[in-house]
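Only one structure is covered here, and it is reproduced in the block below.
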Amino acid sequence: MIQISDKILDSKAPSGPVQDKWDRHRFDLKLVNPANKRKFTIIVVGTGLAGASASASLAELGYNVLSFCLQDSPRRAHSIAAQGGINAAKNYPNDGDSIWRLFYDTVKGGDFRSREANVYRLAQISNLIIDHCTALGVPFAREYGGTLANRSFGGAQVSRTFYARGQTGQQLLLGAYSAMMRQVARGKVTQIPRREMLDLVVIDGCARGIVTRDLVTGAYETFAADAVVLCTGGYGNVFYLSTNAKNCNVTAAWRCHKRGAYFANPCFTQIHPTCIPASGHHQSKLTLMSESLRNDGRVWVPKQKGDTRPPNQIPDDDRDYFLERRYPAFGNLVPRDVASRAAKERCDAGYGVGATGYAVLLDFRDAIARDGVETIRTKYGNLFHMYDKITGEDPYHTPMRIYPAIHYTMGGLWVDYNLESTIPGLFVLGEANFSDHGANRLGASALMQGLADGYFIIPYTMGQHLATRKLTKVTTDHPAFQEALAASKARIQHIVSVNGTRTVDSIHRDLGNMLWENCGMARNEAGLKATIDRIRTLRDQFWHEVKVPGTGESFNQNLEHAGRVADFLEFGELLVLDALDRKESCGGHFREEYQSAEHEAQRDDQNYCYVAAWEFQGVGSAPTLHKEPLSFESVHLATRSYK
Amino acid sequence: MGPTLSLTLKIWRQPDSQSRGSFETYHLDGVSPDMSFLEMLDVLNERLIQEGDEPVAFDHDCREGICGACGMMINGQAHGPDAETTTCQLHMRRFHDGDTIVIEPWRARAFPVVRDLVVDRSAFDRIMKSGGYISVNTGNAADANAILVPHDDSERAMNAAACIGCGACVAACKNASAMLFVSAKVSHLALLPQGKPERKERVSAMIAQMDREGFGGCTVTEECEAACPAGISISNIGRLNREYIKTMFAGE
């Protein structure tokens, strides 16, 4: 049985009009004087957009930063793979955009399950991000007059997305990386690559350090600090097949959860409608085709079931442009959750294409006829090239086959308005927190949030923690470090010692399959209940049957994977439990029991207008549910409609 | 399931940076032409683990051709036979049934082997640290449209900025030169007005660091451009040389 806490979880969002909250709060936050900043050390885990920008901006202020990443270089964090763009309310195109509209679109797009105060702040900061990134040399696309160019994206009727071809994430990340490397040169950031965070060290109730493993030598290390900033991304790889990079994982966040940080809304997972379908059992990951393609591509399936003609020979009369048919106002630019479910609905009904029948078509024929092939090549050339590489088909001549896939996770560690978790001194930024996207994230908003958190929020809110809390000097000799170190070592040694018969990958695939089938695009009570039992059985199998050759004292990628899968097997249960407990449909969380006659999601604002924040009570024990009620004072609760 | 490939793989195995390495031969059947090159190695590794052997270590992450983590010499070519393609985007339909494929790590003094196909490319980070940035603190920026950048300059800067930092240019070069990598960053920033104030210091510092790391000199064989998965043009090396020469003749 789930225990429900009767205490209200306090977001610490300031009162007053939404547009004044951040300005007032910034004034109310305590400052650390410049001479004292150099006495503080801050650990930043992860070097994606949130982590790199946080490391750079905190170091610019004078703090000493220890930056950690898994990869061989901080430049490889998965933010680099974001393709389409970054939103900002600049209104450069003069098409009616404003901070208020970006705020409104994001709250509505999130299906009214995000915190208004955070979303408004995000929209406010969006413009500063574009200014700063431009100053850092990010080569955003430009018009011939030299001004910045914009394009439109799903869930919005204005063009507010800034982009660098189909490589916006790469360029923004390299900008943040360069700002961080400048601070490495100044001696304010110490960058430590190829390290995995294995535990959080909490002393006197505050986050004071971490335990890491050197992935090259296998050596365990401990680091002490005055604050820990977690920027470790999302947990999409719990589904095995996702568009996340192979090394993305929940380990750091999960270990913090086990140390007392609440985990919020884990069931809010985003399925991206336009991914390249799996081609066989060997499939190791899925590849996204940017949402920006829906600006010019039209999504359709044949009107006849089992139409075997090549798609480019099917005449218009025999095509069902199902997004344009169902959602005439937004057409192909409906939000991701809506587009994904519509594609699933057509495929489940038997109209899907391709070898498996689980694909729909994304067609550029009309755009090429209208704008010419060169225009389309300039906009999407690298994406078309990638599609051709992976499938062996040329999208200039035949429509792309696409199908939804797990792409982003809106859920994450619970944070208050200061981006601080329920453990004082542990801040969580970017995709790793739950804060801004509610039950569904709009396209081009992840980059915005990661950089807002890192460049423009944490530099202010960190001061409040350091200036107001009594932080006694601690070293890694403290018993809490030794306890965490011993626990981390023991867990890795246990994994190596099992020496069973099942590979890590096969167990991870099984977990992913059961989650995708029962807790993916559509969920129901019976399936979710059965899945909890199956995850427990699989977790048991892992600890008795996993086989990891080699030792823990060497470069052992299979062991890294095993440690992450072990955490996914614990986390997966919470994901399903949260989906089971939320008896409504909203955003990316679609419960089959709660839908309208037209198969649209049915929210239950009466009973579920809250953030579900879970407190760990032990592996296999029911966690405690803490509720943060959501109130909508500026954007009125309404049924989302894109018709 | 269509026809599959049977392959002979000769793979460099080396337990760590201190040990000597050697080629091991593996036979692999049932390879689908739709697999990526890394998925083919995944299949081999699953088999090795089942047999109690340690899998082949290789760096990889996004598997979408953008993170720059993967990279290996495939039959003597960096990232294999396809133009502008990373190893993760190379697909097995490019190979034939019965082929022998030789797989090695990048070979360069500045990229020591960590294990098997994994090398240490931290030299690239140190070059970036030496000057691959624009010195602007958060909070200083003017409105983005206050800086007008001609469309074509912006496009050329983007062409150079597209570098993924994989190191194929170094691996392909007989001198193990890092000139294409360094020139891409120097060009990206020199082409933009925001990068102009520091252009002299930047090019000098980055070249000095490149030399300290033990990369070789450039003799313009253009192998780097041919191997580059991001299509970085060798014309950037010309621009780097011009930038460098300007610093030598510039007075106070």
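To be explicit about the labels: the chains of the structure tokens are called A, B, and onward in the order shown, and within each one the residues are counted from 1, while ligands get numbers from 1 in the order they are shown.
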**Request:** Dump as a PyMOL selection string the residues of chain A that approach chain B to within 7 Å, counting only C-alpha atoms.
**Result:** chain A and resi 57+60+73+76+78+80-81+130-132+134-137+139+142-148+178-179+181-182+184-185+244-247+279+282+284+287+389-390+455+503+549-550+557
**Message:** With DSSP run on the backbone, what are the strand (DSSP E or B) residues within stretch 25-193 of chain A? I'd like them as number ranges by chain.
**Reply:** A: 41-45, 64-68, 86-87, 142, 148, 151, 161-162, 189-192
**Request:** From a DSSP pass on the backbone, collect the residues of stretch 66-189 of chain B flagged as alpha helix (DSSP H) and hand them back as a ChimeraX atom specification.
**Result:** /B:122-131,151-161,168-172,179-189
Expected file: the selected residues, N, CA and C atoms, as a CSV table (one decimal), in the first residue's frame:
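Contents of part-v4.csv, freshly written:
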```
chain,number,residue,atom,x,y,z
B,122,SER,N,42.0,13.4,-24.9
B,122,SER,CA,41.9,14.6,-24.0
B,122,SER,C,42.8,15.7,-24.5
B,123,ALA,N,43.7,15.4,-25.4
B,123,ALA,CA,44.6,16.5,-26.0
B,123,ALA,C,43.7,17.5,-26.7
B,124,PHE,N,42.6,17.0,-27.3
B,124,PHE,CA,41.6,18.0,-28.0
B,124,PHE,C,41.0,18.9,-27.0
B,125,ASP,N,40.7,18.4,-25.8
B,125,ASP,CA,40.1,19.3,-24.8
B,125,ASP,C,41.1,20.3,-24.3
B,126,ARG,N,42.4,19.9,-24.2
B,126,ARG,CA,43.4,20.9,-23.8
B,126,ARG,C,43.7,21.9,-24.9
B,127,ILE,N,43.5,21.6,-26.1
B,127,ILE,CA,43.7,22.6,-27.2
B,127,ILE,C,42.5,23.6,-27.1
B,128,MET,N,41.3,23.0,-26.8
B,128,MET,CA,40.1,23.9,-26.7
B,128,MET,C,40.3,24.9,-25.5
B,129,LYS,N,40.8,24.3,-24.4
B,129,LYS,CA,41.1,25.1,-23.2
B,129,LYS,C,42.1,26.2,-23.5
B,130,SER,N,43.0,26.0,-24.4
B,130,SER,CA,44.0,27.0,-24.6
B,130,SER,C,43.5,28.3,-25.3
B,131,GLY,N,42.3,28.2,-26.0
B,131,GLY,CA,41.8,29.4,-26.6
B,131,GLY,C,40.6,29.2,-27.5
B,151,HIS,N,24.8,36.6,-43.8
B,151,HIS,CA,24.3,35.2,-44.0
B,151,HIS,C,25.4,34.3,-44.4
B,152,ASP,N,26.2,34.7,-45.4
B,152,ASP,CA,27.2,33.8,-45.9
B,152,ASP,C,28.4,33.6,-44.9
B,153,ASP,N,28.7,34.6,-44.1
B,153,ASP,CA,29.7,34.4,-43.1
B,153,ASP,C,29.2,33.4,-42.0
B,154,SER,N,28.0,33.6,-41.7
B,154,SER,CA,27.4,32.7,-40.7
B,154,SER,C,27.4,31.3,-41.2
B,155,GLU,N,27.0,31.1,-42.5
B,155,GLU,CA,27.0,29.8,-43.0
B,155,GLU,C,28.4,29.1,-43.0
B,156,ARG,N,29.4,30.0,-43.4
B,156,ARG,CA,30.8,29.4,-43.4
B,156,ARG,C,31.3,29.1,-42.0
B,157,ALA,N,30.9,30.0,-41.0
B,157,ALA,CA,31.2,29.7,-39.6
B,157,ALA,C,30.6,28.4,-39.2
B,158,MET,N,29.3,28.2,-39.6
B,158,MET,CA,28.6,27.0,-39.2
B,158,MET,C,29.3,25.7,-39.9
B,159,ASN,N,29.7,25.9,-41.1
B,159,ASN,CA,30.4,24.8,-41.8
B,159,ASN,C,31.6,24.3,-40.9
B,160,ALA,N,32.3,25.3,-40.4
B,160,ALA,CA,33.5,24.9,-39.6
B,160,ALA,C,33.1,24.4,-38.2
B,161,ALA,N,32.1,25.1,-37.6
B,161,ALA,CA,31.6,24.7,-36.3
B,161,ALA,C,31.0,23.3,-36.2
B,168,ALA,N,39.1,11.7,-36.3
B,168,ALA,CA,39.4,10.9,-37.6
B,168,ALA,C,40.5,11.6,-38.4
B,169,CYS,N,40.5,13.0,-38.4
B,169,CYS,CA,41.5,13.7,-39.1
B,169,CYS,C,42.9,13.4,-38.7
B,170,VAL,N,43.1,13.2,-37.4
B,170,VAL,CA,44.4,12.9,-36.9
B,170,VAL,C,44.7,11.4,-37.3
B,171,ALA,N,43.8,10.6,-37.2
B,171,ALA,CA,44.0,9.1,-37.5
B,171,ALA,C,44.3,8.9,-38.9
B,172,ALA,N,43.7,9.7,-39.8
B,172,ALA,CA,43.9,9.5,-41.2
B,172,ALA,C,45.2,10.1,-41.7
B,179,MET,N,45.7,19.6,-37.5
B,179,MET,CA,45.4,20.9,-38.1
B,179,MET,C,44.0,21.1,-38.6
B,180,LEU,N,43.3,20.0,-39.0
B,180,LEU,CA,41.9,20.2,-39.4
B,180,LEU,C,41.0,20.5,-38.2
B,181,PHE,N,41.3,19.8,-37.1
B,181,PHE,CA,40.5,20.1,-35.9
B,181,PHE,C,40.7,21.5,-35.4
B,182,VAL,N,42.0,21.9,-35.3
B,182,VAL,CA,42.3,23.2,-34.8
B,182,VAL,C,41.8,24.3,-35.7
B,183,SER,N,41.9,24.1,-37.0
B,183,SER,CA,41.5,25.1,-38.0
B,183,SER,C,40.0,25.3,-38.0
B,184,ALA,N,39.3,24.2,-37.7
B,184,ALA,CA,37.8,24.3,-37.7
B,184,ALA,C,37.4,25.3,-36.6
B,185,LYS,N,38.0,25.2,-35.5
B,185,LYS,CA,37.6,26.0,-34.4
B,185,LYS,C,38.1,27.5,-34.6
B,186,VAL,N,39.3,27.6,-35.1
B,186,VAL,CA,39.9,28.9,-35.3
B,186,VAL,C,39.0,29.6,-36.4
B,187,SER,N,38.6,28.9,-37.4
B,187,SER,CA,37.8,29.5,-38.5
B,187,SER,C,36.4,29.9,-38.0
B,188,HIS,N,35.8,28.9,-37.3
B,188,HIS,CA,34.4,29.2,-36.8
B,188,HIS,C,34.4,30.6,-36.0
B,189,LEU,N,35.4,30.8,-35.2
B,189,LEU,CA,35.4,32.0,-34.3
B,189,LEU,C,35.9,33.2,-35.1
```
